[in-house]
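S.K.: Mind having a look at this structure? Questions to follow.
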Amino acid sequence: MSLAYSQSACNQFRVKITRTDKSICHQARNQRVSDDPAIQKHITENLGPDTFQLRVDGAERLVVDVPERYDSHDCSYDFDFRLSTPGTVWFFAKRLYKEYDGFYELHANQSDHINPTINYFLPRPLQLNLCESTCSPYQTPLLSAEPYVFDFRHPRQPITEAKAMPACTGADPIPGAYVASSLPSILYPPVRLPMTESRPTAGLYDFVPTGCTFQHDGLRFRNHDSCFEKKGGILFIGDSHARAAYDALLHRLSGNDTVVQFSQKIPTKSAELGNLHLEFLWDPFLTSTVDCEAMKHLTSVVVSTGAHQACWACERTPTSALAEQLETLFAGWSNDWAKCLAPGATPPKLIYMNSPAFEYPASHYRLDCRTGPRMQHWNGVAGRLARESGWSVVDTFAHSRPFAVDTLLLDGVHYLKTDAIDPMADEIIEKLGICGNNPDLLREASEDALRR
């Protein structure tokens, strides 16, 4: 493994991992891994037989497990890092899978299970200081809109006003980076943080959107009254990640500023918040059809599916089968809903949450294909099909990937209690379009706020 960094750009570097025995990659080029020629080509020419995980912590949290380039002749994998902020980071690297276990489509049955082959490249994290001393890390805003520290400084040290940014909008996923929270937010958190193994699992990183900011009244510490003014109904349908999103929005819009920690596992849920009706329906494989009478009160639908196909039906769900299922879902629901509308009625907003990231499959007794390369490729296919049918897309994978390692301290699957869940809620609320934008209207601090 080698690391080369840019001398002209801060915190940009390339990691190259090379096998010393080139014959392994040469032989792997001819191995059949899929019946789909396009997937066969993608896996053998772009991914290679090995799956690695590279992670940086510190000024920014970022995890990469798909190479930028794979060279089968040199048997090498290139990973390019372009961090969004200066500052010290700590680098980790390990191999998770070999012999195409990271993405393989010819499994015979559920007993053909995958086990990670974990090899660490470094005995301890590698500290990287790759920026000039004049480059200061980005300071994220304080967590609460109500200041909870006083700023006293030397008169020659001016206060730099933050540049006004446009609101994050649009049907495409909102890109961004997870940057270390400001030190006051870590030292003096304004709300209680979820804890496990004697350390917090949230409150350490803030999501910073690229070129925009969330500005709706559904944000933490805002007055949410405008979100309930118009009559509307939102259905969350799909797997447990749709249920987690339902609980995150209900928790937030009910006036809680803490990170949501629990999501009760029941097949249906519903709640009323002013004129807003929220509902969850468990249907992980999306077998439901559009029922005009049952759905007439809905103004938005949020769907999450894909994880169960990889987890419980991998041997019968190659990429082509998943694409066919999702294409039928996205186009079919859009068309069927149009038939339910009265003349001149506004069609419901349709939002697709792609499948989240997993640290590595934990099922040692059955086939579980929720690996990084597979889920990243599946989500790319699903996102394209959703947008072609007019759906909005929330990139659950990008939000949850940096914190999948933290779920190993939790249930190993869901991103509740992590720094991923609140940005997810922010983006869903923005795409729903249910809230106004009144930044001067703040709520009184919730009961669980820490008073110091």
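Residues in the structure tokens are named by chain (A, B, ... in the order shown) and by number from 1 within that chain; ligands are numbered from 1 in the order shown.
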Leaving out Leu235 of chain A and any residue of its chain fewer than 4 positions from it, which residues lie within 6 Å of it when counting only C-alpha atoms, given as a VMD selection string?
M.R.: chain A and resid 279 to 280 301
S.K.: Please provide the set of residues having any atom within 10 Å of Asp419 of chain A, restricted to only C-alpha atoms, with same-chain residues fewer than 4 positions apart removed, written as JSON, numbers by chain.
M.R.: {"A": [178, 201, 202, 203, 204, 205, 206, 207, 259, 399, 400, 402, 403, 406, 415, 423, 424]}
S.K.: Could you pull the residues within 12 Å of Ile237 of chain A, counting only C-alpha atoms, minus those fewer than 3 positions along the same chain, as an NGL selection string?
M.R.: :A and (234 or 240-246 or 267-270 or 278-290 or 300-305 or 350-353)
S.K.: Pull the strand (DSSP E) assignments for segment 163-200 of chain A out of DSSP run on the backbone, and list those residues as a list in words.
M.R.: Gly176, Ala177, Tyr178, Val179, Ala180, Met195, Thr196, Arg199 and Pro200 of chain A
S.K.: What does the file look like for those residues with C-alpha atoms, as an mmCIF file, in the first residue's frame?
M.R.:
data_model
loop_
_atom_site.group_PDB
_atom_site.id
_atom_site.type_symbol
_atom_site.label_atom_id
_atom_site.label_comp_id
_atom_site.auth_asym_id
_atom_site.auth_seq_id
_atom_site.Cartn_x
_atom_site.Cartn_y
_atom_site.Cartn_z
ATOM 1 C CA GLY A 176 -22.242 17.104 1.125
ATOM 2 C CA ALA A 177 -19.637 16.047 3.666
ATOM 3 C CA TYR A 178 -19.633 15.032 7.324
ATOM 4 C CA VAL A 179 -17.331 17.540 9.021
ATOM 5 C CA ALA A 180 -16.264 17.420 12.663
ATOM 6 C CA MET A 195 -24.391 6.776 24.408
ATOM 7 C CA THR A 196 -23.086 3.242 24.081
ATOM 8 C CA ARG A 199 -19.067 7.024 24.350
ATOM 9 C CA PRO A 200 -21.547 9.069 22.298
#
S.K.: Name all residues at most 12 Å from Gln325 of chain A (count only C-alpha atoms; drop same-chain ones fewer than 3 positions away) and give them as a PyMOL selection string.
M.R.: chain A and resi 285-287+305-306+309+317-322+328-333+381-382+385-386
S.K.: Pull N, CA, C and O atoms from the residues just selected and write them as a compact mmCIF listing (two decimals), in the first residue's frame.
M.R.:
# COMPACT_ATOMS: atom_id res chain seq x y z
N PHE A 285 -40.78 -5.71 0.24
CA PHE A 285 -40.60 -6.06 -1.17
C PHE A 285 -41.56 -5.30 -2.09
O PHE A 285 -41.65 -5.61 -3.27
N LEU A 286 -42.29 -4.36 -1.52
CA LEU A 286 -43.20 -3.49 -2.26
C LEU A 286 -44.18 -4.29 -3.14
O LEU A 286 -44.21 -4.15 -4.36
N THR A 287 -44.96 -5.14 -2.49
CA THR A 287 -45.97 -5.91 -3.20
C THR A 287 -47.31 -5.18 -3.24
O THR A 287 -48.24 -5.65 -3.90
N THR A 305 -36.79 0.49 -0.27
CA THR A 305 -36.73 -0.93 -0.59
C THR A 305 -35.37 -1.23 -1.22
O THR A 305 -34.72 -0.33 -1.72
N GLY A 306 -34.97 -2.50 -1.18
CA GLY A 306 -33.70 -2.91 -1.76
C GLY A 306 -32.84 -3.69 -0.78
O GLY A 306 -32.16 -4.66 -1.17
N GLN A 309 -33.93 -7.39 -0.45
CA GLN A 309 -33.57 -8.20 -1.61
C GLN A 309 -32.14 -8.70 -1.49
O GLN A 309 -31.84 -9.84 -1.85
N THR A 317 -31.96 -12.63 -6.76
CA THR A 317 -32.08 -11.21 -7.12
C THR A 317 -30.77 -10.67 -7.66
O THR A 317 -30.05 -9.94 -6.97
N PRO A 318 -30.42 -11.04 -8.90
CA PRO A 318 -29.28 -10.35 -9.52
C PRO A 318 -29.67 -8.91 -9.82
O PRO A 318 -30.84 -8.51 -9.69
N THR A 319 -28.71 -8.12 -10.22
CA THR A 319 -28.97 -6.70 -10.48
C THR A 319 -30.08 -6.51 -11.50
O THR A 319 -30.93 -5.62 -11.34
N SER A 320 -30.11 -7.33 -12.54
CA SER A 320 -31.14 -7.19 -13.57
C SER A 320 -32.54 -7.41 -13.01
O SER A 320 -33.49 -6.72 -13.40
N ALA A 321 -32.68 -8.37 -12.08
CA ALA A 321 -33.99 -8.63 -11.48
C ALA A 321 -34.42 -7.47 -10.60
O ALA A 321 -35.59 -7.07 -10.61
N LEU A 322 -33.48 -6.93 -9.82
CA LEU A 322 -33.82 -5.77 -8.99
C LEU A 322 -34.22 -4.59 -9.86
O LEU A 322 -35.21 -3.89 -9.57
N THR A 328 -40.66 -1.33 -12.61
CA THR A 328 -42.10 -1.55 -12.53
C THR A 328 -42.70 -0.70 -11.41
O THR A 328 -43.78 -0.10 -11.58
N LEU A 329 -42.02 -0.66 -10.28
CA LEU A 329 -42.51 0.15 -9.14
C LEU A 329 -42.57 1.62 -9.49
O LEU A 329 -43.63 2.26 -9.35
N PHE A 330 -41.46 2.18 -9.94
CA PHE A 330 -41.39 3.63 -10.15
C PHE A 330 -42.35 4.08 -11.25
O PHE A 330 -43.14 5.00 -11.07
N ALA A 331 -42.28 3.43 -12.40
CA ALA A 331 -43.15 3.83 -13.51
C ALA A 331 -44.60 3.46 -13.23
O ALA A 331 -45.51 4.24 -13.51
N GLY A 332 -44.80 2.26 -12.64
CA GLY A 332 -46.16 1.80 -12.39
C GLY A 332 -46.90 2.66 -11.39
O GLY A 332 -48.06 3.05 -11.61
N TRP A 333 -46.25 2.98 -10.27
CA TRP A 333 -46.91 3.80 -9.26
C TRP A 333 -47.19 5.19 -9.79
O TRP A 333 -48.24 5.78 -9.51
N VAL A 381 -28.20 2.27 -9.92
CA VAL A 381 -29.24 1.83 -10.86
C VAL A 381 -30.61 2.31 -10.41
O VAL A 381 -31.39 2.86 -11.19
N ALA A 382 -30.92 2.13 -9.13
CA ALA A 382 -32.23 2.51 -8.60
C ALA A 382 -32.46 4.01 -8.69
O ALA A 382 -33.55 4.46 -9.05
N LEU A 385 -33.35 5.01 -12.30
CA LEU A 385 -34.70 4.62 -12.67
C LEU A 385 -35.74 5.50 -11.97
O LEU A 385 -36.75 5.86 -12.57
N ALA A 386 -35.49 5.82 -10.71
CA ALA A 386 -36.44 6.67 -9.98
C ALA A 386 -36.54 8.05 -10.59
O ALA A 386 -37.65 8.58 -10.80
S.K.: Would you write out, as JSON lines, a table of all residues in segment 159-245 of chain A that have an atom no more than 7 Å from an atom of segment 123-143 of chain A, listing for each the closest atom pair and the distance in Å to one decimal, considering only C-alpha atoms and ordering rows by chain and rising residue number?
M.R.:
{"residue": "A:Ser181", "atom": "CA", "partner": "A:Thr140", "partner_atom": "CA", "distance": 5.9}
{"residue": "A:Ser182", "atom": "CA", "partner": "A:Thr140", "partner_atom": "CA", "distance": 5.4}
{"residue": "A:Ser185", "atom": "CA", "partner": "A:Leu142", "partner_atom": "CA", "distance": 6.0}
S.K.: Given the selection you just returned, output its residues as a file containing N, CA and C atoms, formatted as a short mmCIF file (atom, residue, chain, number, x, y, z; two decimals), in the first residue's frame.
M.R.:
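result_20.cif, freshly written:
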data_model
loop_
_atom_site.label_atom_id
_atom_site.label_comp_id
_atom_site.auth_asym_id
_atom_site.auth_seq_id
_atom_site.Cartn_x
_atom_site.Cartn_y
_atom_site.Cartn_z
N SER A 181 -17.89 18.24 14.24
CA SER A 181 -18.69 19.25 14.93
C SER A 181 -17.78 20.25 15.62
N SER A 182 -18.30 21.46 15.81
CA SER A 182 -17.51 22.48 16.50
C SER A 182 -17.22 22.02 17.93
N SER A 185 -19.89 22.48 20.58
CA SER A 185 -21.01 21.54 20.47
C SER A 185 -20.65 20.19 21.07
#
S.K.: Between atom CA of Ile43 of chain A and atom CA of Asp65 of chain A, what distance in Å does the model show, to one decimal?
M.R.: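 Computed distance, atom CA of Ile43 of chain A to atom CA of Asp65 of chain A, equals 13.4 Å.
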S.K.: Looking at A:Glu45, A:Glu359, A:Asp368, A:Asp422, which one is nearest to Asp101 of chain A, with distances taken over only C-alpha atoms?
M.R.: A:Asp368
S.K.: What's around Thr213 of chain A at 7 Å? Count only C-alpha atoms, leave out sequence neighbours fewer than 4 positions away in its own chain, and write the answer as a PyMOL selection string.
M.R.: chain A and resi 165-168+209
S.K.: What does the structure give for the distance between atom CA of Val33 of chain A and atom CA of His107 of chain A, in Å to one decimal?
M.R.: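 Taking atom CA of Val33 of chain A as the start and atom CA of His107 of chain A as the end point, the length is 9.2 Å.
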